Each structure stands twice: as structure tokens, then as C-alpha cells.
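Structure file upload-v1.cif with mmCIF, C-alpha atoms; chains and numbers go by the auth columns:
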data_protein
#
loop_
_atom_site.group_PDB
_atom_site.id
_atom_site.type_symbol
_atom_site.label_atom_id
_atom_site.label_comp_id
_atom_site.label_asym_id
_atom_site.label_seq_id
_atom_site.Cartn_x
_atom_site.Cartn_y
_atom_site.Cartn_z
_atom_site.B_iso_or_equiv
_atom_site.auth_seq_id
_atom_site.auth_asym_id
ATOM 1 C CA MET A 1 8.330 -13.837 -14.480 0.00 210 A
ATOM 2 C CA CYS A 2 5.139 -11.973 -13.740 0.00 211 A
ATOM 3 C CA PRO A 3 2.042 -12.749 -15.791 0.00 212 A
ATOM 4 C CA ASP A 4 0.374 -9.776 -17.423 0.00 213 A
ATOM 5 C CA PHE A 5 -3.005 -8.587 -16.234 0.00 214 A
ATOM 6 C CA PHE A 6 -5.103 -6.080 -18.091 0.00 215 A
ATOM 7 C CA LEU A 7 -6.413 -2.943 -16.440 0.00 216 A
ATOM 8 C CA THR A 8 -10.072 -2.209 -16.793 0.00 217 A
ATOM 9 C CA GLY A 9 -11.926 0.963 -15.946 0.00 218 A
ATOM 10 C CA ARG A 10 -9.323 2.982 -14.050 0.00 219 A
ATOM 11 C CA LYS A 11 -6.642 5.210 -15.477 0.00 220 A
ATOM 12 C CA GLU A 12 -4.344 5.533 -12.465 0.00 221 A
ATOM 13 C CA ALA A 13 -2.602 2.279 -11.688 0.00 222 A
ATOM 14 C CA SER A 14 0.859 0.977 -11.038 0.00 223 A
ATOM 15 C CA ALA A 15 1.993 -2.630 -11.177 0.00 224 A
ATOM 16 C CA ARG A 16 4.770 -4.478 -9.402 0.00 225 A
ATOM 17 C CA CYS A 17 5.789 -8.090 -8.936 0.00 226 A
ATOM 18 C CA SER A 18 5.349 -9.847 -5.621 0.00 227 A
ATOM 19 C CA PRO A 19 7.805 -12.468 -4.343 0.00 228 A
ATOM 20 C CA SER A 20 5.345 -15.203 -5.327 0.00 229 A
ATOM 21 C CA GLY A 21 5.625 -14.165 -8.970 0.00 230 A
ATOM 22 C CA TYR A 22 2.151 -12.652 -9.430 0.00 231 A
ATOM 23 C CA LYS A 23 1.700 -9.082 -10.510 0.00 232 A
ATOM 24 C CA LEU A 24 0.005 -6.846 -7.948 0.00 233 A
ATOM 25 C CA LEU A 25 -2.060 -3.963 -9.244 0.00 234 A
ATOM 26 C CA ILE A 26 -2.214 -0.908 -7.013 0.00 235 A
ATOM 27 C CA PHE A 27 -4.991 1.515 -7.922 0.00 236 A
ATOM 28 C CA LYS A 28 -4.596 5.129 -6.860 0.00 237 A
ATOM 29 C CA GLN A 29 -7.652 7.317 -6.767 0.00 238 A
ATOM 30 C CA MET A 30 -7.351 11.059 -7.206 0.00 239 A
ATOM 31 C CA TYR A 31 -7.679 12.993 -3.964 0.00 240 A
ATOM 32 C CA ALA A 32 -7.505 16.601 -2.820 0.00 241 A
ATOM 33 C CA ILE A 33 -7.169 18.520 0.419 0.00 242 A
ATOM 34 C CA VAL A 34 -9.809 21.230 0.508 0.00 243 A
ATOM 35 C CA GLU A 35 -10.880 23.826 3.040 0.00 244 A
ATOM 36 C CA MET A 36 -14.611 23.749 3.807 0.00 245 A
ATOM 37 C CA ASN A 37 -16.064 26.207 6.328 0.00 246 A
ATOM 38 C CA GLY A 38 -12.765 26.714 8.147 0.00 247 A
ATOM 39 C CA GLN A 39 -11.755 23.027 8.304 0.00 248 A
ATOM 40 C CA GLN A 40 -9.468 21.032 6.022 0.00 249 A
ATOM 41 C CA PHE A 41 -10.609 17.681 4.639 0.00 250 A
ATOM 42 C CA LYS A 42 -9.013 15.005 2.467 0.00 251 A
ATOM 43 C CA VAL A 43 -11.631 14.220 -0.182 0.00 252 A
ATOM 44 C CA GLU A 44 -11.969 11.606 -2.906 0.00 253 A
ATOM 45 C CA LYS A 45 -14.672 11.274 -5.529 0.00 254 A
ATOM 46 C CA GLY A 46 -17.694 9.495 -4.092 0.00 255 A
ATOM 47 C CA ASN A 47 -16.859 10.178 -0.418 0.00 256 A
ATOM 48 C CA LYS A 48 -19.679 11.024 1.951 0.00 257 A
ATOM 49 C CA MET A 49 -18.743 13.406 4.768 0.00 258 A
ATOM 50 C CA PHE A 50 -20.143 15.679 7.435 0.00 259 A
ATOM 51 C CA VAL A 51 -18.967 19.308 7.403 0.00 260 A
ATOM 52 C CA HIS A 52 -19.934 22.233 9.615 0.00 261 A
ATOM 53 C CA HIS A 53 -23.432 23.475 8.847 0.00 262 A
ATOM 54 C CA ILE A 54 -23.679 25.318 5.512 0.00 263 A
ATOM 55 C CA GLN A 55 -26.212 28.151 5.727 0.00 264 A
ATOM 56 C CA ASN A 56 -29.026 28.325 3.137 0.00 265 A
ATOM 57 C CA SER A 57 -28.294 24.888 1.648 0.00 266 A
ATOM 58 C CA GLU A 58 -31.005 22.574 0.347 0.00 267 A
ATOM 59 C CA SER A 59 -31.076 18.845 -0.273 0.00 268 A
ATOM 60 C CA GLY A 60 -29.832 18.036 -3.806 0.00 269 A
ATOM 61 C CA GLN A 61 -28.091 21.401 -4.223 0.00 270 A
ATOM 62 C CA THR A 62 -24.626 21.469 -5.837 0.00 271 A
ATOM 63 C CA ILE A 63 -21.896 23.414 -4.029 0.00 272 A
ATOM 64 C CA GLU A 64 -18.379 24.218 -5.280 0.00 273 A
ATOM 65 C CA PHE A 65 -15.413 24.760 -2.965 0.00 274 A
ATOM 66 C CA GLU A 66 -12.476 26.589 -4.540 0.00 275 A
ATOM 67 C CA ASN A 67 -10.047 26.598 -1.594 0.00 276 A
ATOM 68 C CA VAL A 68 -8.144 23.524 -2.790 0.00 277 A
ATOM 69 C CA LEU A 69 -4.785 23.293 -1.006 0.00 278 A
ATOM 70 C CA LEU A 70 -3.363 20.105 -2.598 0.00 279 A
ATOM 71 C CA VAL A 71 -4.274 17.786 -5.476 0.00 280 A
ATOM 72 C CA ASP A 72 -2.857 14.282 -6.033 0.00 281 A
ATOM 73 C CA ALA A 73 -3.759 13.030 -9.501 0.00 282 A
ATOM 74 C CA GLY A 74 -1.961 9.697 -9.113 0.00 283 A
ATOM 75 C CA ASP A 75 1.144 10.598 -11.098 0.00 284 A
ATOM 76 C CA ALA A 76 1.643 14.226 -10.029 0.00 285 A
ATOM 77 C CA ILE A 77 1.091 16.102 -6.788 0.00 286 A
ATOM 78 C CA THR A 78 0.217 19.792 -7.028 0.00 287 A
ATOM 79 C CA VAL A 79 0.648 21.903 -3.906 0.00 288 A
ATOM 80 C CA GLY A 80 -0.984 25.318 -3.877 0.00 289 A
ATOM 81 C CA THR A 81 0.579 28.583 -2.746 0.00 290 A
ATOM 82 C CA PRO A 82 -1.756 28.938 -0.825 0.00 291 A
ATOM 83 C CA THR A 83 -4.369 27.383 -3.156 0.00 292 A
ATOM 84 C CA VAL A 84 -4.203 25.502 -6.447 0.00 293 A
ATOM 85 C CA LYS A 85 -5.252 27.845 -9.254 0.00 294 A
ATOM 86 C CA GLY A 86 -8.319 26.694 -11.200 0.00 295 A
ATOM 87 C CA ALA A 87 -8.974 23.683 -8.979 0.00 296 A
ATOM 88 C CA LYS A 88 -12.303 23.129 -7.286 0.00 297 A
ATOM 89 C CA VAL A 89 -14.295 20.399 -5.585 0.00 298 A
ATOM 90 C CA VAL A 90 -17.934 19.876 -6.566 0.00 299 A
ATOM 91 C CA CYS A 91 -20.228 18.521 -3.824 0.00 300 A
ATOM 92 C CA GLU A 92 -23.895 17.634 -3.598 0.00 301 A
ATOM 93 C CA VAL A 93 -25.820 18.285 -0.380 0.00 302 A
ATOM 94 C CA MET A 94 -27.459 15.075 0.823 0.00 303 A
ATOM 95 C CA SER A 95 -28.899 16.375 4.096 0.00 304 A
ATOM 96 C CA PRO A 96 -28.731 20.099 4.933 0.00 305 A
ATOM 97 C CA LEU A 97 -29.028 19.733 8.717 0.00 306 A
ATOM 98 C CA VAL A 98 -27.748 16.810 10.766 0.00 307 A
ATOM 99 C CA LYS A 99 -27.287 17.110 14.504 0.00 308 A
ATOM 100 C CA GLY A 100 -24.276 15.486 16.120 0.00 309 A
ATOM 101 C CA ASP A 101 -24.127 13.652 19.427 0.00 310 A
ATOM 102 C CA LYS A 102 -24.875 15.601 22.570 0.00 311 A
ATOM 103 C CA VAL A 103 -21.817 16.791 24.481 0.00 312 A
ATOM 104 C CA LEU A 104 -22.241 17.545 28.190 0.00 313 A
ATOM 105 C CA VAL A 105 -19.997 20.179 29.767 0.00 314 A
ATOM 106 C CA PHE A 106 -19.876 20.104 33.573 0.00 315 A
ATOM 107 C CA HIS A 107 -18.226 22.848 35.656 0.00 316 A
ATOM 108 C CA LYS A 108 -17.663 22.521 39.380 0.00 317 A
ATOM 109 C CA LYS A 109 -15.780 24.545 41.952 0.00 318 A
ATOM 110 C CA ARG A 110 -14.861 22.514 44.971 0.00 319 A
ATOM 111 C CA ARG A 111 -16.065 23.486 48.438 0.00 320 A
ATOM 112 C CA LYS A 112 -18.199 26.335 47.043 0.00 321 A
ATOM 113 C CA GLY A 113 -21.418 24.515 46.141 0.00 322 A
ATOM 114 C CA HIS A 114 -21.046 25.746 42.540 0.00 323 A
ATOM 115 C CA ARG A 115 -22.116 23.304 39.825 0.00 324 A
ATOM 116 C CA LYS A 116 -23.092 24.076 36.250 0.00 325 A
ATOM 117 C CA LEU A 117 -24.188 21.614 33.557 0.00 326 A
ATOM 118 C CA ASN A 118 -24.281 22.687 29.929 0.00 327 A
ATOM 119 C CA GLY A 119 -25.263 20.662 26.857 0.00 328 A
ATOM 120 C CA HIS A 120 -24.359 21.184 23.196 0.00 329 A
ATOM 121 C CA ARG A 121 -25.199 19.518 19.869 0.00 330 A
ATOM 122 C CA GLN A 122 -23.136 20.502 16.848 0.00 331 A
ATOM 123 C CA GLN A 123 -24.967 21.025 13.549 0.00 332 A
ATOM 124 C CA PHE A 124 -23.547 19.444 10.394 0.00 333 A
ATOM 125 C CA THR A 125 -24.351 19.233 6.688 0.00 334 A
ATOM 126 C CA GLU A 126 -23.947 15.885 4.928 0.00 335 A
ATOM 127 C CA VAL A 127 -22.305 16.193 1.490 0.00 336 A
ATOM 128 C CA THR A 128 -21.163 13.764 -1.192 0.00 337 A
ATOM 129 C CA ILE A 129 -18.121 14.581 -3.333 0.00 338 A
ATOM 130 C CA GLN A 130 -19.186 14.545 -6.982 0.00 339 A
ATOM 131 C CA ASP A 131 -15.996 15.612 -8.765 0.00 340 A
ATOM 132 C CA ILE A 132 -12.509 17.075 -8.311 0.00 341 A
ATOM 133 C CA ILE A 133 -11.652 19.514 -11.114 0.00 342 A
ATOM 134 C CA VAL A 134 -8.017 20.508 -11.683 0.00 343 A
#

What do you get writing this file as C-alpha cells?
Amino acid sequence: MCPDFFLTGRKEASARCSPSGYKLLIFKQMYAIVEMNGQQFKVEKGNKMFVHHIQNSESGQTIEFENVLLVDAGDAITVGTPTVKGAKVVCEVMSPLVKGDKVLVFHKKRRKGHRKLNGHRQQFTEVTIQDIIV
């Protein structure tokens, strides 16, 4: 027999018994797959992530992305065709311009004396996911 445990604070949870007889609580947090600036990200509330640079953004600004491709609310998964209607992800800009690591690109043609070195640093915007609205 599994002893009963009470859930506190979270709505999405499932419980099952382990072989030792204790009840394991598995918490599922709502997540979504959203397209931001041409890239797809799996986001959860409270995540901090780096996306391609967002033009004209300021620190503390709130941005909404409406290209939500999939939403998992714990008990039901909604897949968009191509997007989920009425769903959006609300983000807050933490840092509008963050530079990534430097990438060196080296070209060489053998026996020709041709060498070319190029450097590149990608620009990102740091955002925090505030809410997923379905």
C-alpha cells in the first residue's frame, strides 16, 4: 500500500507507486515550442535563454511571441496547424545585447600561398519567459 502525500502549490502532478511502497510524485510543468526570430525553442515559465538579437529592444521591456507551434499543459498536448490559435509566450528582456564567443574562420588553398582569417561574434538578446498563455 502506498501512503498518501498531499500536493502543495502545483496543479499538474501525477502519482504512482514505486516498488518500495512509497508514492512518487512527478510534477509536470507547462511548456511550449515557440518560434523566435527564425529559430524554434522549447520554453517553460521562468526559463532564461539567449535568442538572436531583437532590434529596438530595451532592458525590462515585455515582448510577446505569437508563433506558438505546440503547447503541453500537463494533461493535454495541443499541436498547431501551423500555430496554436490564441496562444502566446510573454518574455521580458533582461539584456538587449549580449555578444557570443568569437568564432574564427580560416580559409587556405594549398600550394597557392592563399590564407584568409575571418572572425565573427554573434549578437544575442537575453530574455526570461514570464508566462505561457493558451

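Rounded to one decimal, atom CA of A:Pro305 and atom CA of A:Ile263 lie 7.3 Å from each other.
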
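Nearest to A:Ile242 of all the residues A:Ser266, A:Asn327, A:Gln339, A:Thr292 is A:Thr292, based on all atoms listed in the file.
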
Task: Test item: the PyMOL selection byres ((chain A and resi 290) around 12) resolved as a list in words - done: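 That expression, the PyMOL selection byres ((chain A and resi 290) around 12), corresponds here to Asn276, Val277, Leu278, Leu279, Thr287, Val288, Gly289, Pro291, Thr292, Val293 and Lys294 of chain A.
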
- [ ] State, in Å with one decimal place, the distance from atom CA of A:Phe250 to atom CA of A:Asp310.
- [x]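 Value for the atom CA of A:Phe250-atom CA of A:Asp310 distance: 20.4 Å.
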
Explicit residue set for the PyMOL selection byres ((chain A and resi 340) around 12), as an mmCIF file with C-alpha atoms, in the frame of the given file:
data_model
loop_
_atom_site.group_PDB
_atom_site.id
_atom_site.type_symbol
_atom_site.label_atom_id
_atom_site.label_comp_id
_atom_site.auth_asym_id
_atom_site.auth_seq_id
_atom_site.Cartn_x
_atom_site.Cartn_y
_atom_site.Cartn_z
ATOM 1 C CA GLN A 238 -7.652 7.317 -6.767
ATOM 2 C CA MET A 239 -7.351 11.059 -7.206
ATOM 3 C CA TYR A 240 -7.679 12.993 -3.964
ATOM 4 C CA ALA A 241 -7.505 16.601 -2.820
ATOM 5 C CA VAL A 252 -11.631 14.220 -0.182
ATOM 6 C CA GLU A 253 -11.969 11.606 -2.906
ATOM 7 C CA LYS A 254 -14.672 11.274 -5.529
ATOM 8 C CA GLY A 255 -17.694 9.495 -4.092
ATOM 9 C CA ASN A 256 -16.859 10.178 -0.418
ATOM 10 C CA THR A 271 -24.626 21.469 -5.837
ATOM 11 C CA ILE A 272 -21.896 23.414 -4.029
ATOM 12 C CA GLU A 273 -18.379 24.218 -5.280
ATOM 13 C CA PHE A 274 -15.413 24.760 -2.965
ATOM 14 C CA ALA A 296 -8.974 23.683 -8.979
ATOM 15 C CA LYS A 297 -12.303 23.129 -7.286
ATOM 16 C CA VAL A 298 -14.295 20.399 -5.585
ATOM 17 C CA VAL A 299 -17.934 19.876 -6.566
ATOM 18 C CA CYS A 300 -20.228 18.521 -3.824
ATOM 19 C CA GLU A 301 -23.895 17.634 -3.598
ATOM 20 C CA THR A 337 -21.163 13.764 -1.192
ATOM 21 C CA ILE A 338 -18.121 14.581 -3.333
ATOM 22 C CA GLN A 339 -19.186 14.545 -6.982
ATOM 23 C CA ILE A 341 -12.509 17.075 -8.311
ATOM 24 C CA ILE A 342 -11.652 19.514 -11.114
ATOM 25 C CA VAL A 343 -8.017 20.508 -11.683
#

Task: One-decimal distance in Å that lies between atom CA of A:Phe333 and atom CA of A:Gln264 - done: 10.2 Å

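Minimum atom-to-atom distance to A:Asp281, evaluated using only C-alpha atoms, belongs to A:Lys251 out of A:Lys251, A:Val312, A:Gln331, A:Val307.
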
Task: Selection: 8 Å around A:Phe315, all atoms listed in the file, excl. self and same-chain fewer than 6 positions, as a ChimeraX atom specification - done: /A:324-327

TODO: Quick one: apply the PyMOL selection byres ((chain A and resi 259) around 8) to the file and drop the selected residues here as a list in words.
DONE: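 Here the PyMOL selection byres ((chain A and resi 259) around 8) matches Lys257, Met258, Val260, His261, Phe333, Thr334, Glu335 and Val336 of chain A.
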
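Nearest to A:Leu313 of all the residues A:Ala282, A:Lys237, A:His329, A:Gln249 is A:His329, counting only C-alpha atoms.
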
Where atoms are lacking, stretch 248-278 of chain A completed to N, CA and C atoms, as a JSON list (two decimals), in the frame of the given file:
[["chain", "number", "residue", "atom", "x", "y", "z"],
["A", 248, "GLN", "N", -12.42, 24.29, 8.00],
["A", 248, "GLN", "CA", -11.76, 23.03, 8.30],
["A", 248, "GLN", "C", -11.19, 22.43, 7.03],
["A", 249, "GLN", "N", -10.09, 21.67, 7.17],
["A", 249, "GLN", "CA", -9.47, 21.03, 6.02],
["A", 249, "GLN", "C", -9.83, 19.56, 6.01],
["A", 250, "PHE", "N", -10.21, 19.06, 4.81],
["A", 250, "PHE", "CA", -10.61, 17.68, 4.64],
["A", 250, "PHE", "C", -9.85, 17.07, 3.48],
["A", 251, "LYS", "N", -9.53, 15.77, 3.59],
["A", 251, "LYS", "CA", -9.01, 15.00, 2.47],
["A", 251, "LYS", "C", -10.22, 14.36, 1.79],
["A", 252, "VAL", "N", -10.43, 14.69, 0.52],
["A", 252, "VAL", "CA", -11.63, 14.22, -0.18],
["A", 252, "VAL", "C", -11.25, 13.41, -1.40],
["A", 253, "GLU", "N", -12.07, 12.40, -1.69],
["A", 253, "GLU", "CA", -11.97, 11.61, -2.91],
["A", 253, "GLU", "C", -13.35, 11.57, -3.54],
["A", 254, "LYS", "N", -13.39, 11.32, -4.82],
["A", 254, "LYS", "CA", -14.67, 11.27, -5.53],
["A", 254, "LYS", "C", -15.53, 10.15, -4.96],
["A", 255, "GLY", "N", -16.78, 10.49, -4.63],
["A", 255, "GLY", "CA", -17.69, 9.49, -4.09],
["A", 255, "GLY", "C", -17.75, 9.44, -2.57],
["A", 256, "ASN", "N", -16.85, 10.16, -1.88],
["A", 256, "ASN", "CA", -16.86, 10.18, -0.42],
["A", 256, "ASN", "C", -18.10, 10.87, 0.11],
["A", 257, "LYS", "N", -18.59, 10.37, 1.24],
["A", 257, "LYS", "CA", -19.68, 11.02, 1.95],
["A", 257, "LYS", "C", -19.10, 11.56, 3.25],
["A", 258, "MET", "N", -19.33, 12.84, 3.56],
["A", 258, "MET", "CA", -18.74, 13.41, 4.77],
["A", 258, "MET", "C", -19.67, 14.43, 5.40],
["A", 259, "PHE", "N", -19.39, 14.71, 6.67],
["A", 259, "PHE", "CA", -20.14, 15.68, 7.44],
["A", 259, "PHE", "C", -19.25, 16.89, 7.67],
["A", 260, "VAL", "N", -19.71, 18.06, 7.22],
["A", 260, "VAL", "CA", -18.97, 19.31, 7.40],
["A", 260, "VAL", "C", -19.81, 20.22, 8.28],
["A", 261, "HIS", "N", -19.18, 21.27, 8.82],
["A", 261, "HIS", "CA", -19.93, 22.23, 9.62],
["A", 261, "HIS", "C", -21.11, 22.75, 8.80],
["A", 262, "HIS", "N", -22.17, 23.09, 9.49],
["A", 262, "HIS", "CA", -23.43, 23.48, 8.85],
["A", 262, "HIS", "C", -23.22, 24.58, 7.80],
["A", 263, "ILE", "N", -23.75, 24.35, 6.60],
["A", 263, "ILE", "CA", -23.68, 25.32, 5.51],
["A", 263, "ILE", "C", -25.02, 26.04, 5.47],
["A", 264, "GLN", "N", -24.99, 27.35, 5.69],
["A", 264, "GLN", "CA", -26.21, 28.15, 5.73],
["A", 264, "GLN", "C", -26.88, 28.17, 4.35],
["A", 265, "ASN", "N", -28.20, 28.21, 4.34],
["A", 265, "ASN", "CA", -29.03, 28.32, 3.14],
["A", 265, "ASN", "C", -28.76, 27.22, 2.11],
["A", 266, "SER", "N", -28.48, 26.01, 2.58],
["A", 266, "SER", "CA", -28.29, 24.89, 1.65],
["A", 266, "SER", "C", -29.56, 24.04, 1.65],
["A", 267, "GLU", "N", -29.83, 23.41, 0.51],
["A", 267, "GLU", "CA", -31.00, 22.57, 0.35],
["A", 267, "GLU", "C", -30.57, 21.20, -0.13],
["A", 268, "SER", "N", -31.37, 20.21, 0.14],
["A", 268, "SER", "CA", -31.08, 18.84, -0.27],
["A", 268, "SER", "C", -31.03, 18.77, -1.81],
["A", 269, "GLY", "N", -29.99, 18.15, -2.36],
["A", 269, "GLY", "CA", -29.83, 18.04, -3.81],
["A", 269, "GLY", "C", -29.10, 19.19, -4.45],
["A", 270, "GLN", "N", -28.79, 20.22, -3.69],
["A", 270, "GLN", "CA", -28.09, 21.40, -4.22],
["A", 270, "GLN", "C", -26.62, 21.07, -4.48],
["A", 271, "THR", "N", -26.04, 21.65, -5.52],
["A", 271, "THR", "CA", -24.63, 21.47, -5.84],
["A", 271, "THR", "C", -23.83, 22.66, -5.32],
["A", 272, "ILE", "N", -22.74, 22.37, -4.60],
["A", 272, "ILE", "CA", -21.90, 23.41, -4.03],
["A", 272, "ILE", "C", -20.47, 23.19, -4.51],
["A", 273, "GLU", "N", -19.78, 24.29, -4.85],
["A", 273, "GLU", "CA", -18.38, 24.22, -5.28],
["A", 273, "GLU", "C", -17.49, 24.89, -4.24],
["A", 274, "PHE", "N", -16.42, 24.20, -3.88],
["A", 274, "PHE", "CA", -15.41, 24.76, -2.96],
["A", 274, "PHE", "C", -14.14, 25.00, -3.77],
["A", 275, "GLU", "N", -13.63, 26.23, -3.73],
["A", 275, "GLU", "CA", -12.48, 26.59, -4.54],
["A", 275, "GLU", "C", -11.19, 26.73, -3.73],
["A", 276, "ASN", "N", -11.26, 26.54, -2.42],
["A", 276, "ASN", "CA", -10.05, 26.60, -1.59],
["A", 276, "ASN", "C", -9.38, 25.23, -1.55],
["A", 277, "VAL", "N", -8.82, 24.82, -2.68],
["A", 277, "VAL", "CA", -8.14, 23.52, -2.79],
["A", 277, "VAL", "C", -6.67, 23.74, -2.49],
["A", 278, "LEU", "N", -6.16, 23.07, -1.45],
["A", 278, "LEU", "CA", -4.78, 23.29, -1.01],
["A", 278, "LEU", "C", -3.80, 22.33, -1.65]]
